[in-house]
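Comments concern the structure below.
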Amino acid sequence: MSEHSWYDHSRNLTLDDTAPLSGAQRFDVAIIGGGVTGCSAALHLAERGYRVALLEAGEIGAGASGRSGGQILPGLGTELTVIEKSLGHQAAREIWAMSREAVHLTESLIERHHIDCEYSRGYMHAAIKPRHERAMKAWRDEMATRYDYDGLEWLEGDALKRHMVTDAYLGGLYEREAGHLHPLNYTLGLARAAQNVGAVIFEHSRVTDIARGKIVRVTTAQGRINCDHLLVAGNAYLGGLVPELERKIMPVVNYIIATEPLSKAQVAQTLPQRDAVSDANFVLDYYRLTQGHRLLYGGQVSYSGREPRQLVATMQRKMRELFPVLEGVSVDYRWGGRVAITRNRAPHFGRLDHNIHFVQGYSGHGMALAGLAGQLMAEAVAGQSERLDLLATMKHLDFPGGRRLRTPLLVLATTFYRLRDRL
């Protein structure tokens with residue numbers, strides 16, 4: 001079994017001209033982080049005529065953007081009620097509309113730049129318990145009446161089994177606007193598109209220091225960039241570079257396994273429409289089929305960074321319980337990666353200075369929103385910051401306990417929700 005991701009094994013694009021930064025260079029904008037956020041920002045800024053440098057500590061897509069479940073969803077990692085309580089209903093409606101725009105932007109970028117990333121529509125939110133069913137139906141009704149969104153359809157019985165052949169769920173909300181893709185190939189496609197319009201990418205160029213001022217100086221081991229604007233998009237991979245940001249997020253490791261290719265008969269008895277699925281537990285599981293008919297199954301969170309015991313065996317057992325036809329199917333790949341969560345699970349947008357913007361903390365819901373975040377930061381650099389400023393008005397608290405105690409406290413809190421999932 002390979003511990004490299006299936007995404008890395010099936011990548012279809014290698015970028016050229018990404019040597020590490022060396023010497024002193026001058027750019028209009030520097031970007032820290034080569035995930036979807038950073039690559040989208042580089043693309044949108046370069047299209048506006050800015051001279052852009054993107055600095056990535058490893059390789060493009062090495063973090064969450066190239067390792068995730070690949071779900072493309074409207075909405076945020078938190079409920080809209082959280083946004084309403086903080087900013088009011090009208091602001092929540094505007095943010096919800098932006099999240100839908102993020103999905104459409106993803107589709108547009110794929111089409112416009114001919115990104116080969118297995119994009120497919122169709123997503124199922126699956127209800128395991130009666131309280132899940134009640135909550136989902138209430139969510140569907142609220143979204144229709146208060147947000148004018150009719151993209152959620154409740155399915156059960158035979159209608160549900162046309163999408164997922166299992167007896168494990170009472171029903172599910174089918175979301176037509178949502179979908180899934182190959183996240184690494186999508187991220188690499190954005191990076192190549194950014195290069196094609198003039199952005200310069202420096203891989204293996206970890207930023208070690210930021211000197212703020214009218215001209216921002218960004219330093220790496222071998223070079224330095226002076227720039228008018230800096231965008232920070234390192235998320236869970238900043239590594240102590242910006243402590244005031246990192247106090248607002250908690251890095252969490254999530255894991256995915258990939259089976260051997262399934263037969264046509266097995267596909268017909270699992271996910272015949274190739275929809276992506278997630279369950280309704282607080283610590284949720286999610287899965288989908290690739291174009292090559294491998295089942296990708298994700299979940300199993302680690303807050304300590306250590307891999308959970310019997311990781312693969314546990315996930316295989318869950319797959320078999322859902323789909324008995326998968327008995328005996330082998331697992332070819334397993335991998336993990338850090339994602340950043342905030343205390344309220346809403347993404348954290350803002351400024352560190354008048355010419356330094358940041359986005360982080362998508363809380364497991366960032367593949368679509370990160371693309372829009374990159375566009376919003378490009379708009380802000382160009383002097384059109386209203387939309388980013390709206391998102392930046394969300395208040396975010398530090399995780400309690402400092403560096404030593406915040407992880408144990410989060411584990412304690414999450415244990416409560418794990419126990420609740422079992423009831």
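We name chains A, B, ... following the order of the structure tokens; residues begin at 1 in each chain, and ligands are numbered from 1 as shown.
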
Proximity of stretch 278-372 of chain A to stretch 241-244 of chain A: per-residue shortest pair, 12 Å limit, only C-alpha atoms, as a tab-separated table:
```
residue	atom	partner	partner_atom	distance
A:Gly350	CA	A:Glu244	CA	11.9
A:Arg351	CA	A:Glu244	CA	11.4
A:Leu352	CA	A:Glu244	CA	9.0
A:Ile356	CA	A:Val242	CA	11.7
A:Phe358	CA	A:Val242	CA	10.5
A:Gln360	CA	A:Val242	CA	11.8
```

*What's the 12 Å shell around A:Gly33, counting only C-alpha atoms, without same-chain residues fewer than 2 positions away, as a PyMOL selection string?*
chain A and resi 30-31+35-42+53-65+187+191+201-207+230-239+358-360+370+374

Write the residues you've just listed into a file as a compact mmCIF listing (two decimals), in the first residue's frame, and include C-alpha atoms for each of them.
```
# COMPACT_ATOMS: atom_id res chain seq x y z
CA ALA A 30 3.95 38.51 -3.35
CA ILE A 31 1.77 35.59 -2.28
CA GLY A 35 -2.78 26.11 -2.72
CA VAL A 36 -6.04 27.05 -4.42
CA THR A 37 -6.19 30.42 -2.65
CA GLY A 38 -2.69 31.46 -3.64
CA CYS A 39 -2.89 30.13 -7.20
CA SER A 40 -6.28 31.78 -7.78
CA ALA A 41 -4.97 35.10 -6.42
CA ALA A 42 -1.89 34.85 -8.65
CA ALA A 53 5.37 36.20 -7.30
CA LEU A 54 3.95 33.11 -5.60
CA LEU A 55 6.13 31.54 -2.89
CA GLU A 56 5.47 27.92 -1.92
CA ALA A 57 7.43 26.17 0.86
CA GLY A 58 7.15 22.79 -0.86
CA GLU A 59 5.47 22.08 -4.19
CA ILE A 60 2.25 23.53 -5.57
CA GLY A 61 -0.70 21.68 -4.06
CA ALA A 62 1.38 19.93 -1.39
CA GLY A 63 -0.97 21.05 1.39
CA ALA A 64 -4.72 20.69 1.87
CA SER A 65 -5.57 21.90 -1.65
CA THR A 187 -4.66 23.30 -8.18
CA ALA A 191 -0.97 27.42 -11.22
CA ILE A 201 6.08 30.68 -9.13
CA PHE A 202 8.90 29.82 -6.73
CA GLU A 203 8.63 26.34 -5.21
CA HIS A 204 10.75 25.15 -2.27
CA SER A 205 10.86 28.75 -1.06
CA ARG A 206 9.68 28.80 2.54
CA VAL A 207 9.24 32.34 3.85
CA LEU A 230 1.58 40.78 0.35
CA LEU A 231 -1.09 38.08 0.45
CA VAL A 232 -0.83 35.39 3.13
CA ALA A 233 -2.48 32.12 2.10
CA GLY A 234 -0.46 29.51 4.00
CA ASN A 235 -3.42 28.37 6.12
CA ALA A 236 -2.37 25.42 8.33
CA TYR A 237 1.19 25.47 6.98
CA LEU A 238 2.52 28.85 8.16
CA GLY A 239 4.81 27.17 10.68
CA PHE A 358 -4.84 37.05 4.49
CA VAL A 359 -7.35 34.21 4.30
CA GLN A 360 -7.30 31.04 6.40
CA ALA A 370 -10.61 29.29 -1.78
CA GLY A 374 -8.07 34.44 -4.26
```

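In this model, the gap between atom CA of A:Leu109 and atom CA of A:His182 comes to 14.0 Å.
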
_For a quick check of understanding, using only C-alpha atoms, which of A:Arg93, A:Arg121, A:Lys248, A:His44 has the smallest distance to A:Tyr147?_
A:Arg93

*asked:* Given only C-alpha atoms as the basis, pick out the residue of A:Thr219, A:Ser108, A:Thr259, A:Thr81 nearest to A:Asn344.
replied: A:Thr81

*asked:* Need the shell around A:Arg338: protein/DNA/RNA residues with any atom at most 12 Å away, counting only C-alpha atoms. Skip same-chain ones fewer than 2 positions apart. Format as an MDAnalysis selection string?
replied: chainID A and resid 62:68 234:239 249:256 301:307 335:336 340:341 361:364

Would you export the selected residues with N, CA and C atoms as an mmCIF file, in the first residue's frame, please?
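Output below, filename out-v6.cif:
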```
data_model
loop_
_atom_site.group_PDB
_atom_site.id
_atom_site.type_symbol
_atom_site.label_atom_id
_atom_site.label_comp_id
_atom_site.auth_asym_id
_atom_site.auth_seq_id
_atom_site.Cartn_x
_atom_site.Cartn_y
_atom_site.Cartn_z
ATOM 1 N N ALA A 62 0.877 20.905 -2.359
ATOM 2 C CA ALA A 62 1.382 19.932 -1.392
ATOM 3 C C ALA A 62 0.557 19.910 -0.111
ATOM 4 N N GLY A 63 -0.173 20.976 0.178
ATOM 5 C CA GLY A 63 -0.968 21.051 1.395
ATOM 6 C C GLY A 63 -2.390 20.564 1.171
ATOM 7 N N ALA A 64 -3.333 21.161 1.897
ATOM 8 C CA ALA A 64 -4.715 20.687 1.873
ATOM 9 C C ALA A 64 -5.332 20.745 0.481
ATOM 10 N N SER A 65 -4.952 21.753 -0.329
ATOM 11 C CA SER A 65 -5.568 21.902 -1.646
ATOM 12 C C SER A 65 -5.310 20.714 -2.550
ATOM 13 N N GLY A 66 -4.184 20.053 -2.387
ATOM 14 C CA GLY A 66 -3.872 18.909 -3.232
ATOM 15 C C GLY A 66 -4.099 17.569 -2.577
ATOM 16 N N ARG A 67 -4.673 17.557 -1.358
ATOM 17 C CA ARG A 67 -4.863 16.313 -0.614
ATOM 18 C C ARG A 67 -6.307 16.083 -0.169
ATOM 19 N N SER A 68 -7.177 17.036 -0.398
ATOM 20 C CA SER A 68 -8.516 17.026 0.198
ATOM 21 C C SER A 68 -9.440 16.018 -0.470
ATOM 22 N N GLY A 234 -1.109 30.750 3.569
ATOM 23 C CA GLY A 234 -0.459 29.513 3.995
ATOM 24 C C GLY A 234 -1.332 28.610 4.824
ATOM 25 N N ASN A 235 -2.426 29.148 5.385
ATOM 26 C CA ASN A 235 -3.421 28.375 6.118
ATOM 27 C C ASN A 235 -2.765 27.558 7.241
ATOM 28 N N ALA A 236 -2.897 26.245 7.233
ATOM 29 C CA ALA A 236 -2.373 25.415 8.328
ATOM 30 C C ALA A 236 -0.875 25.154 8.218
ATOM 31 N N TYR A 237 -0.220 25.781 7.251
ATOM 32 C CA TYR A 237 1.185 25.472 6.979
ATOM 33 C C TYR A 237 2.097 26.688 7.159
ATOM 34 N N LEU A 238 1.693 27.649 7.973
ATOM 35 C CA LEU A 238 2.517 28.845 8.157
ATOM 36 C C LEU A 238 3.734 28.579 9.049
ATOM 37 N N GLY A 239 3.645 27.595 9.918
ATOM 38 C CA GLY A 239 4.809 27.169 10.682
ATOM 39 C C GLY A 239 5.397 28.227 11.596
ATOM 40 N N ILE A 249 -6.448 29.656 14.450
ATOM 41 C CA ILE A 249 -6.745 28.397 13.767
ATOM 42 C C ILE A 249 -6.139 27.224 14.534
ATOM 43 N N MET A 250 -6.710 26.054 14.282
ATOM 44 C CA MET A 250 -6.185 24.798 14.826
ATOM 45 C C MET A 250 -5.889 23.863 13.658
ATOM 46 N N PRO A 251 -4.626 23.468 13.472
ATOM 47 C CA PRO A 251 -4.327 22.483 12.428
ATOM 48 C C PRO A 251 -4.848 21.101 12.836
ATOM 49 N N VAL A 252 -5.597 20.479 11.970
ATOM 50 C CA VAL A 252 -6.175 19.161 12.200
ATOM 51 C C VAL A 252 -5.804 18.271 11.025
ATOM 52 N N VAL A 253 -5.423 17.035 11.308
ATOM 53 C CA VAL A 253 -5.054 16.109 10.236
ATOM 54 C C VAL A 253 -6.244 15.223 9.899
ATOM 55 N N ASN A 254 -6.559 15.145 8.624
ATOM 56 C CA ASN A 254 -7.637 14.302 8.130
ATOM 57 C C ASN A 254 -7.048 13.291 7.152
ATOM 58 N N TYR A 255 -7.688 12.133 7.034
ATOM 59 C CA TYR A 255 -7.112 11.027 6.270
ATOM 60 C C TYR A 255 -8.067 10.531 5.188
ATOM 61 N N ILE A 256 -7.484 10.013 4.111
ATOM 62 C CA ILE A 256 -8.244 9.437 3.002
ATOM 63 C C ILE A 256 -7.566 8.145 2.564
ATOM 64 N N VAL A 301 -10.202 11.904 12.034
ATOM 65 C CA VAL A 301 -9.462 13.115 12.362
ATOM 66 C C VAL A 301 -8.430 12.857 13.447
ATOM 67 N N SER A 302 -7.283 13.512 13.324
ATOM 68 C CA SER A 302 -6.260 13.498 14.371
ATOM 69 C C SER A 302 -5.925 14.934 14.754
ATOM 70 N N TYR A 303 -6.003 15.236 16.044
ATOM 71 C CA TYR A 303 -5.651 16.572 16.525
ATOM 72 C C TYR A 303 -4.203 16.636 17.011
ATOM 73 N N SER A 304 -3.624 15.485 17.256
ATOM 74 C CA SER A 304 -2.248 15.447 17.747
ATOM 75 C C SER A 304 -1.225 15.382 16.616
ATOM 76 N N GLY A 305 -1.674 15.065 15.410
ATOM 77 C CA GLY A 305 -0.755 14.858 14.302
ATOM 78 C C GLY A 305 -0.322 13.416 14.152
ATOM 79 N N ARG A 306 -0.648 12.576 15.148
ATOM 80 C CA ARG A 306 -0.319 11.149 15.065
ATOM 81 C C ARG A 306 -1.456 10.396 14.391
ATOM 82 N N GLU A 307 -1.107 9.472 13.521
ATOM 83 C CA GLU A 307 -2.124 8.707 12.805
ATOM 84 C C GLU A 307 -2.924 7.848 13.779
ATOM 85 N N TRP A 335 -3.374 8.405 2.815
ATOM 86 C CA TRP A 335 -2.606 9.628 3.039
ATOM 87 C C TRP A 335 -3.373 10.530 4.000
ATOM 88 N N GLY A 336 -2.679 11.505 4.525
ATOM 89 C CA GLY A 336 -3.286 12.483 5.404
ATOM 90 C C GLY A 336 -2.771 13.867 5.079
ATOM 91 N N ALA A 340 -7.023 23.644 8.382
ATOM 92 C CA ALA A 340 -7.108 24.612 9.468
ATOM 93 C C ALA A 340 -8.567 24.891 9.788
ATOM 94 N N ILE A 341 -8.922 24.752 11.065
ATOM 95 C CA ILE A 341 -10.276 25.078 11.496
ATOM 96 C C ILE A 341 -10.230 26.300 12.414
ATOM 97 N N GLY A 361 -8.398 29.204 7.544
ATOM 98 C CA GLY A 361 -9.427 28.593 8.375
ATOM 99 C C GLY A 361 -10.707 28.229 7.653
ATOM 100 N N TYR A 362 -10.613 27.603 6.484
ATOM 101 C CA TYR A 362 -11.821 27.206 5.759
ATOM 102 C C TYR A 362 -12.586 26.097 6.477
ATOM 103 N N SER A 363 -11.946 25.435 7.412
ATOM 104 C CA SER A 363 -12.603 24.445 8.276
ATOM 105 C C SER A 363 -13.198 23.282 7.481
ATOM 106 N N GLY A 364 -12.415 22.782 6.522
ATOM 107 C CA GLY A 364 -12.832 21.623 5.747
ATOM 108 C C GLY A 364 -13.813 21.914 4.643
#
```

*Considering only C-alpha atoms, state which residue in the set A:Leu173, A:Val381, A:Leu376, A:Cys227 is at the smallest distance from A:Leu152.*
A:Leu173

Counting only C-alpha atoms, give me one row per residue of stretch 163-248 of chain A with an atom at most 7 Å from an atom of stretch 269-281 of chain A, showing the shortest contact pair and its distance in Å to one decimal, sorted by chain then residue number, as JSON lines.
```
{"residue": "A:His163", "atom": "CA", "partner": "A:Gln273", "partner_atom": "CA", "distance": 5.5}
{"residue": "A:Met164", "atom": "CA", "partner": "A:Leu271", "partner_atom": "CA", "distance": 4.8}
{"residue": "A:Val165", "atom": "CA", "partner": "A:Thr270", "partner_atom": "CA", "distance": 5.0}
{"residue": "A:Gly179", "atom": "CA", "partner": "A:Ala276", "partner_atom": "CA", "distance": 6.7}
{"residue": "A:His180", "atom": "CA", "partner": "A:Ala276", "partner_atom": "CA", "distance": 6.5}
```

*asked:* Run DSSP on the backbone and tell me which residues of stretch 231-400 of chain A come out as helix (DSSP H, G or I); list them as an NGL selection string.
replied: :A and (235-237 or 243-246 or 264-268 or 311-322 or 324-326 or 369-381 or 386-392)

Would you write out those residues with N, CA and C atoms, as a short mmCIF file (atom, residue, chain, number, x, y, z; two decimals), in the first residue's frame?
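The resulting file, result.cif, is reproduced below:
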```cif
data_model
loop_
_atom_site.label_atom_id
_atom_site.label_comp_id
_atom_site.auth_asym_id
_atom_site.auth_seq_id
_atom_site.Cartn_x
_atom_site.Cartn_y
_atom_site.Cartn_z
N ASN A 235 -2.43 29.15 5.39
CA ASN A 235 -3.42 28.37 6.12
C ASN A 235 -2.76 27.56 7.24
N ALA A 236 -2.90 26.24 7.23
CA ALA A 236 -2.37 25.42 8.33
C ALA A 236 -0.87 25.15 8.22
N TYR A 237 -0.22 25.78 7.25
CA TYR A 237 1.19 25.47 6.98
C TYR A 237 2.10 26.69 7.16
N PRO A 243 2.33 34.57 14.07
CA PRO A 243 1.67 34.05 15.27
C PRO A 243 0.28 34.60 15.51
N GLU A 244 0.03 35.89 15.20
CA GLU A 244 -1.29 36.45 15.47
C GLU A 244 -2.38 35.82 14.61
N LEU A 245 -2.00 35.26 13.46
CA LEU A 245 -2.95 34.51 12.65
C LEU A 245 -3.11 33.09 13.17
N GLU A 246 -2.03 32.48 13.54
CA GLU A 246 -2.05 31.06 13.90
C GLU A 246 -2.77 30.81 15.21
N LYS A 264 -17.46 -2.88 -12.77
CA LYS A 264 -18.72 -2.21 -13.13
C LYS A 264 -19.85 -2.68 -12.23
N ALA A 265 -19.84 -3.96 -11.88
CA ALA A 265 -20.89 -4.48 -11.00
C ALA A 265 -20.80 -3.87 -9.62
N GLN A 266 -19.58 -3.68 -9.12
CA GLN A 266 -19.41 -3.06 -7.80
C GLN A 266 -19.82 -1.59 -7.83
N VAL A 267 -19.50 -0.89 -8.90
CA VAL A 267 -19.92 0.51 -9.03
C VAL A 267 -21.44 0.59 -9.00
N ALA A 268 -22.11 -0.32 -9.71
CA ALA A 268 -23.57 -0.32 -9.78
C ALA A 268 -24.19 -0.58 -8.41
N LEU A 311 -5.98 2.72 11.38
CA LEU A 311 -6.65 3.67 10.50
C LEU A 311 -7.31 2.97 9.31
N VAL A 312 -6.52 2.23 8.56
CA VAL A 312 -7.04 1.61 7.34
C VAL A 312 -8.10 0.57 7.66
N ALA A 313 -7.85 -0.24 8.69
CA ALA A 313 -8.82 -1.27 9.05
C ALA A 313 -10.16 -0.65 9.46
N THR A 314 -10.11 0.45 10.19
CA THR A 314 -11.34 1.12 10.61
C THR A 314 -12.11 1.64 9.41
N MET A 315 -11.40 2.26 8.47
CA MET A 315 -12.08 2.81 7.30
C MET A 315 -12.60 1.72 6.39
N GLN A 316 -11.85 0.62 6.27
CA GLN A 316 -12.35 -0.50 5.48
C GLN A 316 -13.62 -1.07 6.09
N ARG A 317 -13.65 -1.19 7.42
CA ARG A 317 -14.85 -1.71 8.08
C ARG A 317 -16.05 -0.82 7.79
N LYS A 318 -15.86 0.50 7.85
CA LYS A 318 -16.96 1.42 7.56
C LYS A 318 -17.44 1.27 6.12
N MET A 319 -16.51 1.11 5.19
CA MET A 319 -16.90 0.92 3.78
C MET A 319 -17.73 -0.34 3.61
N ARG A 320 -17.30 -1.42 4.25
CA ARG A 320 -18.03 -2.69 4.11
C ARG A 320 -19.41 -2.61 4.74
N GLU A 321 -19.53 -1.87 5.86
CA GLU A 321 -20.84 -1.72 6.48
C GLU A 321 -21.79 -0.94 5.59
N LEU A 322 -21.25 0.03 4.88
CA LEU A 322 -22.08 0.79 3.94
C LEU A 322 -22.42 -0.02 2.70
N PRO A 324 -21.75 -3.79 1.41
CA PRO A 324 -21.24 -5.15 1.58
C PRO A 324 -20.55 -5.70 0.34
N VAL A 325 -20.89 -5.18 -0.84
CA VAL A 325 -20.27 -5.66 -2.08
C VAL A 325 -18.77 -5.37 -2.11
N LEU A 326 -18.29 -4.51 -1.21
CA LEU A 326 -16.86 -4.17 -1.18
C LEU A 326 -16.05 -5.10 -0.29
N LEU A 369 -14.51 27.74 -2.09
CA LEU A 369 -14.41 29.08 -1.53
C LEU A 369 -13.00 29.65 -1.68
N ALA A 370 -11.98 28.80 -1.66
CA ALA A 370 -10.61 29.29 -1.78
C ALA A 370 -10.37 29.95 -3.13
N GLY A 371 -10.99 29.43 -4.17
CA GLY A 371 -10.84 30.06 -5.48
C GLY A 371 -11.41 31.46 -5.48
N LEU A 372 -12.59 31.62 -4.86
CA LEU A 372 -13.18 32.96 -4.77
C LEU A 372 -12.35 33.85 -3.85
N ALA A 373 -11.81 33.28 -2.77
CA ALA A 373 -10.98 34.07 -1.86
C ALA A 373 -9.79 34.68 -2.59
N GLY A 374 -9.17 33.90 -3.46
CA GLY A 374 -8.07 34.44 -4.26
C GLY A 374 -8.52 35.59 -5.13
N GLN A 375 -9.70 35.46 -5.72
CA GLN A 375 -10.24 36.55 -6.54
C GLN A 375 -10.54 37.77 -5.68
N LEU A 376 -11.10 37.58 -4.49
CA LEU A 376 -11.42 38.71 -3.61
C LEU A 376 -10.17 39.43 -3.15
N MET A 377 -9.09 38.71 -2.89
CA MET A 377 -7.85 39.37 -2.50
C MET A 377 -7.28 40.16 -3.68
N ALA A 378 -7.42 39.61 -4.88
CA ALA A 378 -6.98 40.36 -6.07
C ALA A 378 -7.80 41.64 -6.21
N GLU A 379 -9.11 41.56 -5.98
CA GLU A 379 -9.94 42.75 -6.03
C GLU A 379 -9.49 43.78 -4.99
N ALA A 380 -9.14 43.31 -3.79
CA ALA A 380 -8.73 44.22 -2.73
C ALA A 380 -7.43 44.93 -3.08
N VAL A 381 -6.49 44.20 -3.66
CA VAL A 381 -5.24 44.83 -4.09
C VAL A 381 -5.52 45.92 -5.12
N GLU A 386 -14.65 45.82 -1.00
CA GLU A 386 -15.92 45.75 -0.28
C GLU A 386 -16.31 44.31 0.06
N ARG A 387 -16.13 43.40 -0.88
CA ARG A 387 -16.59 42.03 -0.64
C ARG A 387 -15.67 41.33 0.37
N LEU A 388 -14.38 41.52 0.25
CA LEU A 388 -13.48 40.94 1.23
C LEU A 388 -13.72 41.56 2.60
N ASP A 389 -13.98 42.86 2.64
CA ASP A 389 -14.22 43.52 3.92
C ASP A 389 -15.46 42.98 4.62
N LEU A 390 -16.48 42.62 3.85
CA LEU A 390 -17.68 42.04 4.45
C LEU A 390 -17.33 40.75 5.18
N LEU A 391 -16.59 39.87 4.52
CA LEU A 391 -16.17 38.62 5.16
C LEU A 391 -15.24 38.88 6.33
N ALA A 392 -14.44 39.94 6.24
CA ALA A 392 -13.48 40.24 7.30
C ALA A 392 -14.15 40.78 8.56
#
```

_For the structure I just gave you, how does DSSP split stretch 218-369 of chain A - specifically, which residues are strand (DSSP E)? Reply as a PyMOL selection string._
chain A and resi 218-220+223-232+250-259+276-279+286-289+295-302+331-341+348-353+356-360

How close does each residue of stretch 161-247 of chain A get to stretch 71-79 of chain A, giving the shortest atom pair and distance in Å to one decimal for every residue with an atom at most 12 Å away, counting only C-alpha atoms, sorted by chain and residue number, as JSON lines?
```
{"residue": "A:Tyr174", "atom": "CA", "partner": "A:Leu73", "partner_atom": "CA", "distance": 11.9}
{"residue": "A:Glu175", "atom": "CA", "partner": "A:Leu73", "partner_atom": "CA", "distance": 8.8}
{"residue": "A:Arg176", "atom": "CA", "partner": "A:Leu73", "partner_atom": "CA", "distance": 9.9}
{"residue": "A:Glu177", "atom": "CA", "partner": "A:Leu73", "partner_atom": "CA", "distance": 7.5}
{"residue": "A:Ala178", "atom": "CA", "partner": "A:Leu73", "partner_atom": "CA", "distance": 4.7}
{"residue": "A:Gly179", "atom": "CA", "partner": "A:Ile72", "partner_atom": "CA", "distance": 5.0}
{"residue": "A:His180", "atom": "CA", "partner": "A:Gln71", "partner_atom": "CA", "distance": 4.3}
{"residue": "A:Leu181", "atom": "CA", "partner": "A:Gln71", "partner_atom": "CA", "distance": 6.7}
{"residue": "A:His182", "atom": "CA", "partner": "A:Gln71", "partner_atom": "CA", "distance": 9.0}
{"residue": "A:Pro183", "atom": "CA", "partner": "A:Gln71", "partner_atom": "CA", "distance": 8.5}
{"residue": "A:Tyr186", "atom": "CA", "partner": "A:Ile72", "partner_atom": "CA", "distance": 11.4}
```

Residues from last step as file, C-alpha atoms, as a compact mmCIF listing (two decimals), in the first residue's frame:
```txt
# COMPACT_ATOMS: atom_id res chain seq x y z
CA TYR A 174 -29.25 15.80 -2.88
CA GLU A 175 -27.52 19.04 -3.88
CA ARG A 176 -27.46 19.61 -7.62
CA GLU A 177 -25.11 22.61 -7.56
CA ALA A 178 -22.39 20.78 -5.61
CA GLY A 179 -19.85 18.35 -7.01
CA HIS A 180 -16.32 17.04 -6.79
CA LEU A 181 -12.98 17.01 -8.61
CA HIS A 182 -9.36 15.89 -8.51
CA PRO A 183 -8.00 18.60 -6.19
CA TYR A 186 -7.24 21.43 -10.28
```

Which residues of stretch 343-373 of chain A have any atom within 12 Å of an atom in stretch 82-87 of chain A when counting only C-alpha atoms, and what is the closest pair of atoms for each, with the distance in Å to one decimal? Order the rows by chain and rising number and write it as a tab-separated table.
```
residue	atom	partner	partner_atom	distance
A:Arg343	CA	A:Val82	CA	11.3
A:Asn344	CA	A:Val82	CA	7.6
A:Arg345	CA	A:Val82	CA	9.1
A:Ala346	CA	A:Ile83	CA	8.0
A:Pro347	CA	A:Ile83	CA	10.7
```

Mind dumping the selected residues with C-alpha atoms as a JSON list (two decimals), in the first residue's frame?
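Dumped everything to selection_22.json:
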```json
[["chain", "number", "residue", "atom", "x", "y", "z"],
["A", 343, "ARG", "CA", -13.40, 28.20, 16.58],
["A", 344, "ASN", "CA", -16.67, 29.11, 14.86],
["A", 345, "ARG", "CA", -15.83, 27.13, 11.68],
["A", 346, "ALA", "CA", -16.23, 30.27, 9.55],
["A", 347, "PRO", "CA", -13.33, 31.26, 7.27]]
```

*Of the candidates A:Trp139, A:Tyr149, A:Trp6, A:Tyr169, which one gets nearest to A:Asp332 if we count only C-alpha atoms?*
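Of the candidates, the smallest distance to A:Asp332 is held by A:Trp6.
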